[in-house]
Amino acid sequence: MIDIKYIRENPEDVIGRLAAKGYDAAVDIENLLGLDRERRTLIGETEALKAEQNRVTKLIPKYKKEGVDISPVLKKMKELSDSIKENEERLREVEDRFNSCMLVLPNLPDPDLLPGGKENNQPLRYFGKTPKFDFEPKNHVDLCTELGLIDYKRGVKLSGSGFWIYRGLGARLEWALLNFFIDTHLSRGFEFLLVPHMLGYECGLAAGQFPKFKNEVFWLEAEGDERHRFMLPTAETALVSLHYDEIIPESELPKKYISYTPCFRREAGSYRATERGMVRGHQFNKVEMVEYTLPEDSDRAFEELVESAENLVKLLGFHFRTVKLAAGDCSASMARTYDIEIYIPSMNGYIEVSSVSNARDYQARRGMMRTKRANGKIDYVHTLNGSGLATSRILPAIVEQNQNADGSVRVPEVLQKYLGFDLIK
RNA sequence: GGAGGAAUAGCGAAGCGGUCAUAACGCGGCGGUCUUGAAAACCGUUUGAGAGCAAUCUCACGGGGGUUCGAAUCCCUCUUCCUCCGCCA
């Protein structure tokens, strides 16, 4: 959520910055400010009525004691009570509309981002060298199938399109990757959490994924179950809701968390050849990093998170690049995002393996996540998140970038201690 | 699944239709007095949200609704926790 006070005082700036995200907010903002005025007027009126009600209510027992006839007072009070109820009903209606307007407004992008979409993303730095092959390299789907790492057919048999099964060395490679990620994060001071894989609605709301992406997740329905639960689309949803409605003492910040979870997404997988295989599925494994910081520390924390993600890809020995996203390519909740993109030979291009973002106070406002300063002042915290990493694109990259002419695949050095061998054949 | 009980500030807990939510009382935290320092003792202080330039006002006793002039207190409903019984990997 954007600060309503900021919107009130700088509507032009808000409209301009959201335009950079490709979001035309002019009508929304005008509408919102109208509702805001209406809302505040109603609050003022209602509170004056309530103050009067409270004042007289305190006098009634006194009157009773003195034996005064209070029936005319009670009659007036009944009228007062009725008009308060009437006002409150109107207020609730206005506030409902106001809140839904507030909730759909995306976060403001940082001013230094280029406006526009993907085409304006800026690569910041490159690592490693483009792999060269003196043979015709195979794509990861063929490699994984031939080496028996992934069983695509039976995954589809069990659950339908968009699911696969890791088996044998493939399952071990997957597990080794996850352990490597977790161990590396642990050495950098993250706390490791294993969270529920199904979450209540308010988690998605705080993270900023709902109401917009309500239809992008898998909902669970059970007879007689009042609680609306969904399979989490990323551990970010859980980790960002961890401190929902809490005030964290300044001394406990920053909080640095990682979690491993499968991620469940409905997004219809593309059938383009370039996105075959495990690049986009309904379920994939990911280690997620989430950090809560003081507002003034979030820029530094952001650079650290980017570096944490880069470090993993670097240690795996990949050729990759880090890209600063244009405003329009950042997701709705985020003020800035850097993607780490890895080179996939069969696509002759880069695909995202990690996305690191700073939400600033956008998620904190939605989830009432605050900090109390040593001097007693209460501030919203900043939340940041980044994948560190999703395996579904790392494993294809490993088999493609590390393939040999005979169809075998070299195991990255950092994974060898988890697997106990250096070649998959 | 069945039967009971409970939810009040950081924690424990009192209040059970109005004069105790400016939330008693206790613990903890913070500041101070005393002390070479500490402990003890004593004194003070310690929830958050919203409206308003401000004075000030409003809201919150697990969530939501209702009864009433007035609800922490009565009623309905949901959630969570505890005790007992049943079932179960």
# chains A, B, ... in the order shown; residues from 1 in each chain; ligands from 1

call {"tool": "select_by_dssp", "arguments": {"residues": "range 194-238 of chain A", "states": "strand (DSSP E or B)", "output": "list in words"}}
result
Met198, Leu199, Gly200, Trp219, Leu220, Arg229, Phe230 and Met231 of chain A

call {"tool": "write_last_selection", "arguments": {"atoms": "C-alpha atoms", "output": "compact mmCIF listing (two decimals), in the first residue's frame"}}
result
# COMPACT_ATOMS: atom_id res chain seq x y z
CA MET A 198 -0.76 -23.89 2.53
CA LEU A 199 -1.55 -20.40 3.73
CA GLY A 200 -4.54 -18.30 4.71
CA TRP A 219 -7.09 -22.85 -3.75
CA LEU A 220 -8.02 -25.60 -1.33
CA ARG A 229 -6.33 -21.58 2.14
CA PHE A 230 -4.12 -21.78 -0.91
CA MET A 231 -0.94 -23.56 -1.89

call {"tool": "residues_around", "arguments": {"residues": "Asn215 in chain A", "least_positions_apart": "3", "cutoff": "8 Å", "atoms": "only C-alpha atoms (C1' of nucleotides)", "output": "ChimeraX atom specification"}}
result
/A:212,218,266

call {"tool": "write_last_selection", "arguments": {"atoms": "C-alpha atoms", "output": "mmCIF file, in the first residue's frame"}}
result
data_model
loop_
_atom_site.group_PDB
_atom_site.id
_atom_site.type_symbol
_atom_site.label_atom_id
_atom_site.label_comp_id
_atom_site.auth_asym_id
_atom_site.auth_seq_id
_atom_site.Cartn_x
_atom_site.Cartn_y
_atom_site.Cartn_z
ATOM 1 C CA LYS A 212 -4.711 -9.123 -8.087
ATOM 2 C CA PHE A 218 -4.285 -23.169 -6.273
ATOM 3 C CA ARG A 266 -1.334 -21.937 -11.992
#

call {"tool": "residues_around", "arguments": {"residues": "A7 in chain B", "least_positions_apart": "3", "cutoff": "10 Å", "atoms": "only C-alpha atoms (C1' of nucleotides)", "output": "ChimeraX atom specification"}}
result
/B:61-62,80-81

call {"tool": "interface_residues", "arguments": {"of": "chain A", "to": "chain B", "cutoff": "10 Å", "atoms": "only C-alpha atoms (C1' of nucleotides)", "output": "JSON, numbers by chain"}}
result
{"A": [40, 41, 42, 43, 44, 45, 46, 47, 48, 49, 50, 51, 53, 54, 56, 57, 58, 59, 60, 61, 62, 70, 71, 73, 74, 75, 76, 77, 78, 79, 80, 81, 226, 227, 247, 378]}

call {"tool": "closest_residue", "arguments": {"among": "B:G10, B:G44, B:G5, B:G66", "to": "G28 in chain B", "atoms": "only C-alpha atoms (C1' of nucleotides)"}}
result
B:G10

call {"tool": "atom_distance", "arguments": {"atom1": "CA of Ser259 in chain A", "atom2": "CA of Gly281 in chain A"}}
result
19.8 Å

call {"tool": "residues_around", "arguments": {"residues": "range 132-135 of chain A", "least_positions_apart": "5", "cutoff": "10 Å", "atoms": "only C-alpha atoms (C1' of nucleotides)", "output": "PyMOL selection string"}}
result
chain A and resi 345+401-406

call {"tool": "residues_around", "arguments": {"residues": "Leu103 in chain A", "least_positions_apart": "2", "cutoff": "9 Å", "atoms": "only C-alpha atoms (C1' of nucleotides)", "output": "PDB file with C-alpha atoms, in the first residue's frame"}}
result
ATOM      1  CA  MET A   1       0.000   0.000   0.000  1.00  0.00           C
ATOM      2  CA  ILE A   2       1.182   3.512  -0.726  1.00  0.00           C
ATOM      3  CA  PHE A  98     -11.471   3.303  -0.318  1.00  0.00           C
ATOM      4  CA  ASN A  99      -9.575   0.207   0.845  1.00  0.00           C
ATOM      5  CA  SER A 100     -10.100  -1.736  -2.324  1.00  0.00           C
ATOM      6  CA  CYS A 101      -8.798   1.246  -4.298  1.00  0.00           C
ATOM      7  CA  LEU A 105      -2.565   0.487  -6.475  1.00  0.00           C
ATOM      8  CA  PRO A 106       0.869  -0.933  -7.298  1.00  0.00           C
ATOM      9  CA  LEU A 205      -2.894  -9.857   0.925  1.00  0.00           C
ATOM     10  CA  GLY A 208       0.694  -7.860  -2.183  1.00  0.00           C
ATOM     11  CA  PHE A 210      -3.937 -10.533  -3.611  1.00  0.00           C
ATOM     12  CA  PRO A 211      -6.423  -9.412  -4.693  1.00  0.00           C
ATOM     13  CA  LYS A 212      -4.711  -9.123  -8.087  1.00  0.00           C
ATOM     14  CA  ARG A 366      -0.463  -3.985   4.096  1.00  0.00           C
TER      15      ARG A 366
END

call {"tool": "residues_around", "arguments": {"residues": "Phe180 in chain A", "least_positions_apart": "6", "cutoff": "8 Å", "atoms": "only C-alpha atoms (C1' of nucleotides)", "output": "ChimeraX atom specification"}}
result
/A:414-415,418

call {"tool": "residues_around", "arguments": {"residues": "C76 in chain B", "least_positions_apart": "5", "cutoff": "12 Å", "atoms": "only C-alpha atoms (C1' of nucleotides)", "output": "list in words"}}
result
G64, G65, G66 and U67 of chain B

call {"tool": "write_last_selection", "arguments": {"atoms": "C-alpha atoms (C1' of nucleotides)", "output": "PDB file, in the first residue's frame"}}
result
ATOM      1  C1'   G B  64     -17.214 -10.508  13.068  1.00  0.00           C
ATOM      2  C1'   G B  65     -22.385  -9.487  14.094  1.00  0.00           C
ATOM      3  C1'   G B  66     -26.556  -8.507  17.605  1.00  0.00           C
ATOM      4  C1'   U B  67     -29.392  -6.694  22.191  1.00  0.00           C
TER       5        U B  67
END

call {"tool": "atom_distance", "arguments": {"atom1": "CA of Phe318 in chain A", "atom2": "CA of Ile342 in chain A"}}
result
7.2 Å

call {"tool": "decode", "arguments": {"residues": "range 24-41 of chain B", "atoms": "N, CA and C atoms (P, O5', C5', C4', C3', O3' and C1' of nucleotides)", "output": "short mmCIF file (atom, residue, chain, number, x, y, z; two decimals), in the first residue's frame"}}
result
data_model
loop_
_atom_site.label_atom_id
_atom_site.label_comp_id
_atom_site.auth_asym_id
_atom_site.auth_seq_id
_atom_site.Cartn_x
_atom_site.Cartn_y
_atom_site.Cartn_z
P A B 24 -3.66 -0.91 35.54
"O5'" A B 24 -3.80 -0.89 37.11
"C5'" A B 24 -4.61 0.09 37.76
"C4'" A B 24 -5.35 -0.52 38.93
"C3'" A B 24 -4.49 -1.31 39.90
"O3'" A B 24 -3.82 -0.47 40.81
"C1'" A B 24 -6.42 -2.55 39.38
P C B 25 -2.23 -0.56 40.91
"O5'" C B 25 -1.99 -2.06 41.38
"C5'" C B 25 -2.43 -2.52 42.66
"C4'" C B 25 -2.23 -4.01 42.75
"C3'" C B 25 -0.87 -4.52 42.30
"O3'" C B 25 0.13 -4.36 43.30
"C1'" C B 25 -2.54 -5.84 41.30
P G B 26 1.62 -4.01 42.86
"O5'" G B 26 2.18 -5.41 42.34
"C5'" G B 26 2.24 -6.54 43.21
"C4'" G B 26 2.55 -7.78 42.43
"C3'" G B 26 3.79 -7.71 41.56
"O3'" G B 26 4.99 -7.87 42.30
"C1'" G B 26 2.05 -8.69 40.33
P C B 27 6.31 -7.15 41.80
"O5'" C B 27 6.70 -7.97 40.49
"C5'" C B 27 7.12 -9.33 40.59
"C4'" C B 27 7.27 -9.94 39.21
"C3'" C B 27 8.28 -9.27 38.30
"O3'" C B 27 9.62 -9.59 38.60
"C1'" C B 27 6.32 -9.74 37.08
P G B 28 10.75 -8.50 38.42
"O5'" G B 28 10.83 -8.34 36.83
"C5'" G B 28 11.29 -9.42 36.02
"C4'" G B 28 11.03 -9.12 34.56
"C3'" G B 28 11.66 -7.86 34.02
"O3'" G B 28 13.04 -8.04 33.72
"C1'" G B 28 9.42 -7.95 33.31
P G B 29 14.03 -6.80 33.89
"O5'" G B 29 13.55 -5.81 32.74
"C5'" G B 29 13.74 -6.15 31.37
"C4'" G B 29 13.27 -5.03 30.49
"C3'" G B 29 13.88 -3.67 30.80
"O3'" G B 29 15.15 -3.53 30.19
"C1'" G B 29 11.55 -3.43 30.58
P C B 30 16.29 -2.74 30.94
"O5'" C B 30 15.82 -1.22 30.79
"C5'" C B 30 15.75 -0.60 29.51
"C4'" C B 30 15.08 0.75 29.63
"C3'" C B 30 15.69 1.70 30.66
"O3'" C B 30 16.87 2.33 30.19
"C1'" C B 30 13.35 1.70 30.89
P G B 31 18.03 2.65 31.25
"O5'" G B 31 17.44 3.90 32.05
"C5'" G B 31 17.27 5.14 31.38
"C4'" G B 31 16.59 6.14 32.29
"C3'" G B 31 17.26 6.36 33.65
"O3'" G B 31 18.39 7.20 33.57
"C1'" G B 31 14.94 6.13 33.94
P G B 32 19.58 6.98 34.64
"O5'" G B 32 18.91 7.44 36.01
"C5'" G B 32 18.70 8.82 36.28
"C4'" G B 32 17.84 9.00 37.51
"C3'" G B 32 18.51 8.69 38.84
"O3'" G B 32 19.36 9.75 39.26
"C1'" G B 32 16.31 7.81 38.82
P U B 33 20.58 9.43 40.23
"O5'" U B 33 19.84 9.18 41.62
"C5'" U B 33 19.24 10.26 42.32
"C4'" U B 33 18.67 9.77 43.63
"C3'" U B 33 19.66 9.06 44.54
"O3'" U B 33 20.41 9.99 45.32
"C1'" U B 33 17.67 7.78 44.39
P C B 34 21.99 9.76 45.47
"O5'" C B 34 22.08 8.48 46.40
"C5'" C B 34 21.56 8.53 47.75
"C4'" C B 34 21.51 7.13 48.31
"C3'" C B 34 22.82 6.35 48.22
"O3'" C B 34 23.71 6.68 49.27
"C1'" C B 34 21.02 4.99 47.48
P U B 35 25.25 6.96 48.97
"O5'" U B 35 25.77 5.54 48.47
"C5'" U B 35 25.84 4.44 49.36
"C4'" U B 35 26.32 3.22 48.64
"C3'" U B 35 27.59 3.40 47.81
"O3'" U B 35 28.76 3.36 48.61
"C1'" U B 35 26.00 2.18 46.55
P U B 36 29.91 4.40 48.39
"O5'" U B 36 30.57 3.95 47.01
"C5'" U B 36 31.46 4.82 46.30
"C4'" U B 36 32.21 4.06 45.24
"C3'" U B 36 31.33 3.21 44.33
"O3'" U B 36 30.81 3.98 43.27
"C1'" U B 36 33.18 1.91 45.10
P G B 37 29.26 3.70 42.84
"O5'" G B 37 29.26 2.26 42.18
"C5'" G B 37 29.79 2.08 40.86
"C4'" G B 37 29.84 0.61 40.53
"C3'" G B 37 28.50 -0.12 40.60
"O3'" G B 37 27.75 0.03 39.41
"C1'" G B 37 30.15 -1.38 41.74
P A B 38 26.15 0.06 39.48
"O5'" A B 38 25.75 -1.39 40.01
"C5'" A B 38 25.66 -2.47 39.07
"C4'" A B 38 25.56 -3.78 39.80
"C3'" A B 38 24.24 -4.09 40.51
"O3'" A B 38 23.24 -4.53 39.60
"C1'" A B 38 26.05 -4.68 41.90
P A B 39 21.70 -4.22 39.91
"O5'" A B 39 21.39 -5.17 41.15
"C5'" A B 39 21.32 -6.58 40.97
"C4'" A B 39 21.18 -7.25 42.31
"C3'" A B 39 19.95 -6.84 43.12
"O3'" A B 39 18.80 -7.58 42.73
"C1'" A B 39 21.86 -6.72 44.50
P A B 40 17.37 -6.90 42.70
"O5'" A B 40 17.11 -6.57 44.23
"C5'" A B 40 16.87 -7.61 45.18
"C4'" A B 40 16.85 -7.03 46.57
"C3'" A B 40 15.82 -5.93 46.79
"O3'" A B 40 14.54 -6.45 47.08
"C1'" A B 40 17.92 -5.24 47.63
P A B 41 13.22 -5.71 46.53
"O5'" A B 41 13.22 -4.36 47.36
"C5'" A B 41 13.04 -4.36 48.78
"C4'" A B 41 13.29 -2.99 49.33
"C3'" A B 41 12.49 -1.87 48.67
"O3'" A B 41 11.18 -1.79 49.18
"C1'" A B 41 14.75 -1.23 48.82
#
